[in-house]
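Structure data follow from start_36.cif (mmCIF, C-alpha atoms):
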data_protein
loop_
_atom_site.label_atom_id
_atom_site.label_comp_id
_atom_site.auth_asym_id
_atom_site.auth_seq_id
_atom_site.Cartn_x
_atom_site.Cartn_y
_atom_site.Cartn_z
CA MET E 152 57.18 264.36 -63.41
CA GLN E 153 59.84 261.73 -63.36
CA PHE E 154 63.40 262.24 -64.45
CA ALA E 155 65.46 259.36 -65.80
CA HIS E 156 67.59 257.62 -63.18
CA ASP E 157 70.89 258.89 -64.62
CA THR E 158 69.51 262.45 -64.63
CA VAL E 159 68.59 262.18 -60.95
CA VAL E 160 72.00 260.74 -60.09
CA ALA E 161 73.76 263.57 -61.95
CA LEU E 162 71.58 266.21 -60.30
CA GLU E 163 72.14 264.68 -56.86
CA PHE E 164 75.89 264.79 -57.45
CA ALA E 165 75.61 268.41 -58.61
CA VAL E 166 73.85 269.26 -55.33
CA GLU E 167 76.45 267.33 -53.32
CA LEU E 168 79.28 269.14 -55.12
CA GLY E 169 77.56 272.51 -54.80
CA ASN E 170 77.04 271.94 -51.11
CA THR E 171 80.76 271.51 -50.41
CA ALA E 172 81.17 275.30 -50.48
CA ALA E 173 81.54 277.29 -47.26
CA GLY E 174 78.13 278.53 -46.19
CA ALA E 175 76.40 275.67 -48.01
CA SER E 176 78.14 272.68 -46.45
CA ARG E 177 76.92 270.82 -43.39
CA SER E 178 80.09 271.91 -41.59
CA ASP E 179 79.64 275.50 -42.85
CA LEU E 180 83.28 275.27 -44.00
CA GLU E 181 84.98 274.76 -47.36
CA GLU E 182 84.90 271.00 -47.85
CA LEU E 183 87.07 270.81 -50.99
CA GLY E 184 90.04 272.73 -49.64
CA THR E 185 92.51 269.96 -50.40
CA VAL E 186 93.15 267.30 -53.02
CA GLU E 187 92.47 264.73 -50.29
CA GLU E 188 89.01 266.17 -49.64
CA LEU E 189 88.22 265.94 -53.36
CA ALA E 190 89.41 262.32 -53.34
CA ALA E 191 87.07 261.61 -50.39
CA LEU E 192 84.13 263.08 -52.34
CA LEU E 193 85.01 260.91 -55.32
CA GLN E 194 84.94 257.84 -53.07
CA GLN E 195 81.23 258.53 -52.54
CA TYR E 196 80.54 259.35 -56.19
CA PRO E 197 82.99 257.42 -58.34
CA PHE E 198 83.72 258.89 -61.75
CA THR E 199 85.07 256.68 -64.48
CA GLY E 200 87.94 257.90 -66.59
CA ARG E 201 90.86 260.17 -65.95
CA ILE E 202 91.49 261.42 -62.43
CA ASP E 203 94.74 263.32 -61.94
CA GLY E 204 94.48 263.88 -58.19
CA ASP E 205 96.38 267.15 -58.29
CA GLU E 206 95.83 270.77 -57.34
CA ALA E 207 95.01 271.85 -60.91
CA GLU E 208 92.20 269.29 -61.01
CA ARG E 209 90.87 270.45 -57.62
CA LEU E 210 90.80 274.06 -58.84
CA ASP E 211 88.97 272.99 -62.00
CA VAL E 212 86.41 271.12 -59.87
CA LEU E 213 85.96 274.28 -57.76
CA ASP E 214 85.26 276.19 -60.97
CA THR E 215 82.74 273.51 -61.91
CA ARG E 216 81.13 273.88 -58.50
CA ALA E 217 80.81 277.64 -58.96
CA GLN E 218 79.19 277.15 -62.37
CA ILE E 219 76.72 274.61 -60.97
CA ARG E 220 75.87 276.85 -58.02
CA HIS E 221 75.25 279.70 -60.47
CA LEU E 222 73.00 277.51 -62.63
CA TRP E 223 70.79 276.76 -59.62
CA THR E 224 69.92 280.47 -59.34
CA LEU E 225 68.94 281.03 -62.98
CA ASP E 226 65.56 281.08 -64.61
CA ARG E 227 64.89 278.64 -67.40
CA ASP E 228 65.93 280.82 -70.35
CA ASP E 229 69.15 281.98 -68.70
CA ALA E 230 69.95 278.38 -67.72
CA VAL E 231 69.68 277.39 -71.39
CA VAL E 232 72.39 279.89 -72.29
CA GLU E 233 74.72 278.57 -69.58
CA VAL E 234 74.06 274.89 -70.31
CA ASN E 235 74.69 275.44 -74.02
CA ARG E 236 77.92 277.30 -73.22
CA MET E 237 79.14 274.48 -70.95
CA LEU E 238 78.42 271.87 -73.62
CA ARG E 239 79.96 273.97 -76.39
CA GLU E 240 83.16 274.66 -74.42
CA ALA E 241 83.61 270.93 -73.80
CA ASN E 242 82.87 270.01 -77.43
CA ALA E 243 80.33 267.61 -75.96
CA LEU E 244 79.08 264.85 -78.25
CA PRO E 245 76.47 262.67 -76.53
CA TYR E 246 76.80 258.90 -76.81
CA LEU E 247 75.47 255.88 -74.96
CA ALA E 248 77.82 253.94 -72.70
CA ARG E 249 77.56 250.90 -70.47
CA HIS E 250 80.26 250.06 -67.95
CA ASP E 251 80.80 248.55 -64.54
CA ASP E 252 77.34 247.63 -63.20
CA ILE E 253 75.61 250.56 -64.87
CA ASP E 254 73.24 249.93 -67.77
CA TRP E 255 73.13 252.12 -70.88
CA HIS E 256 73.39 255.79 -70.00
CA LEU E 257 74.49 259.02 -71.58
CA HIS E 258 78.07 260.28 -71.71
CA ALA E 259 79.11 263.34 -73.67
CA THR E 260 82.87 263.59 -73.15
CA SER E 261 85.70 261.13 -73.50
CA ASN E 262 87.07 259.26 -70.49
CA ASP E 263 90.37 261.13 -70.84
CA ALA E 264 88.72 264.57 -70.57
CA PRO E 265 89.60 266.43 -67.35
CA LEU E 266 87.47 265.50 -64.34
CA GLY E 267 86.04 269.01 -63.91
CA GLU E 268 84.97 269.08 -67.55
CA ARG E 269 83.28 265.68 -67.23
CA MET E 270 81.46 266.93 -64.13
CA ARG E 271 80.31 270.11 -65.91
CA VAL E 272 79.08 268.20 -68.93
CA GLU E 273 77.29 265.59 -66.81
CA ALA E 274 75.49 268.37 -64.92
CA ALA E 275 74.69 270.20 -68.17
CA VAL E 276 73.23 267.08 -69.79
CA ALA E 277 71.08 266.44 -66.69
CA LEU E 278 69.95 270.06 -66.71
CA MET E 279 68.87 269.66 -70.33
CA ASP E 280 66.15 267.30 -69.08
CA VAL E 281 65.16 269.71 -66.29
CA ILE E 282 64.87 272.55 -68.79
CA ARG E 283 63.03 270.53 -71.45
CA MET E 284 60.51 269.34 -68.83
CA ASP E 285 60.10 272.93 -67.57
CA GLU E 286 61.05 271.87 -64.04
CA MET E 287 63.63 274.55 -63.10
CA GLN E 288 61.55 275.34 -60.01
CA ARG E 289 62.81 272.03 -58.59
CA LEU E 290 66.29 273.56 -58.33
CA ARG E 291 66.49 276.02 -55.47
CA VAL E 292 68.72 277.51 -52.83
CA CYS E 293 67.93 276.83 -49.16
CA GLU E 294 65.57 279.37 -47.59
CA ALA E 295 67.27 279.19 -44.17
CA ASP E 296 69.02 282.31 -42.92
CA ASN E 297 72.78 282.24 -43.55
CA CYS E 298 72.61 279.08 -45.68
CA THR E 299 73.34 278.83 -49.38
CA GLY E 300 72.80 275.08 -49.71
CA LEU E 301 71.45 273.80 -53.01
CA ILE E 302 68.19 271.89 -53.15
CA LEU E 303 66.95 269.32 -55.66
CA ASP E 304 63.26 269.08 -54.85
CA LEU E 305 61.87 265.79 -56.13
CA SER E 306 58.79 265.98 -53.91
CA ARG E 307 55.40 265.62 -55.52
CA ASN E 308 54.19 269.05 -54.44
CA ARG E 309 57.50 270.89 -54.93
CA SER E 310 57.47 272.05 -51.32
CA LYS E 311 61.02 271.44 -50.14
CA ARG E 312 62.39 274.70 -48.70
CA PHE E 313 65.49 273.68 -46.79
CA CYS E 314 68.62 271.80 -47.81
CA THR E 315 68.75 269.73 -44.61
CA VAL E 316 66.55 268.81 -41.68
CA ARG E 317 68.96 270.88 -39.57
CA CYS E 318 68.17 274.04 -41.53
CA GLY E 319 64.43 273.34 -41.37
CA SER E 320 64.55 272.71 -37.62
CA ARG E 321 66.61 275.84 -37.04
CA MET E 322 64.16 278.01 -38.98
CA ASN E 323 61.17 276.37 -37.23
CA MET E 324 62.76 277.14 -33.85
CA ILE E 325 63.34 280.77 -34.87
CA ALA E 326 59.72 281.08 -36.00
CA PHE E 327 58.53 279.46 -32.75
CA ARG E 328 60.57 281.89 -30.65
CA GLU E 329 59.26 284.85 -32.66
CA ARG E 330 55.66 283.70 -32.16
CA LYS E 331 56.26 283.12 -28.45
CA ALA E 332 57.82 286.57 -28.07
CA ALA E 333 54.91 288.18 -29.95
CA THR E 334 52.32 286.56 -27.65
CA ALA E 335 54.30 287.57 -24.55
CA GLU E 336 54.09 291.25 -25.44
#

Rendering of file as structure tokens:
Amino acid sequence: MQFAHDTVVALEFAVELGNTAAGASRSDLEELGTVEELAALLQQYPFTGRIDGDEAERLDVLDTRAQIRHLWTLDRDDAVVEVNRMLREANALPYLARHDDIDWHLHATSNDAPLGERMRVEAAVALMDVIRMDEMQRLRVCEADNCTGLILDLSRNRSKRFCTVRCGSRMNMIAFRERKAATAE
């Protein structure tokens, strides 16, 4: 299994966006609580086209985040319904584009479409590949207690269980303590 580079990039951004929510973020806090925090995220993942930098845009991005987080929990057939809805609502029309230092890749909205809409459509187009390749099991939620972090598992054996090393270490320590306590009894 190998996704196209632009699909992987879009899925990685979807995970990054999804993991800005309280309970999923590294800080365990809401990480898109202000327009400035959204601007900081966009510094890491630059989007071409219209960026308003206002509260309405931030709220739309939060709605996008909620939709992406929901998609990560769906089975394949239910994900199809949501992906199709997202594309339909945006009147998405796929086309090839090349800009900046990026070779030909897929766009499906105009550059003047709202940022949240462009994010939703980019995620939906990437998820089309995941669905068509029957690889929904690569999209998971962290198995650590009290964590809702999203996971994109690109490992060969599909074995990634935790969103971060921190979550994995924490759960390993809990398991170790439970084993130690069981042998002490």

Could you check which of E:Val316, E:Leu257, E:Cys298, E:Met324 is closest to E:His156, using all atoms listed in the file?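 With all atoms listed in the file as the atom set, the closest residue is E:Leu257.
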
Residues near stretch 303-313 of chain E, anyone? I mean within 7 Å using all atoms listed in the file, not counting same-chain ones fewer than 4 positions away, as a list of chain:residue names. E:Val166, E:Arg289, E:Leu290, E:Arg291, E:Cys293, E:Glu294, E:Ala295, E:Cys318, E:Gly319

E:Tyr246, E:Leu210, E:Ala175, E:Val232 ranked by distance to E:Val292, top pick (using all atoms listed in the file): E:Ala175

On this structure, which residues satisfy the PyMOL selection byres ((chain E and resi 260) around 7), written as a ChimeraX atom specification? /E:243-244,258-259,261-262,264,269

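Here the PyMOL selection byres ((chain E and resi 272) around 9) matches the residues Val234, Met237, Leu238, Ala241, Ala243, His258, Ala259, Thr260, Gly267, Glu268, Arg269, Met270, Arg271, Glu273, Ala274, Ala275, Val276 and Ala277 of chain E.
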
Name every residue that the PyMOL selection byres ((chain E and resi 189) around 12) selects in this structure, writing the answer as a PyMOL selection string with chains first and numbers rising. chain E and resi 167-168+171+181-188+190-198+202-213+216+266-267
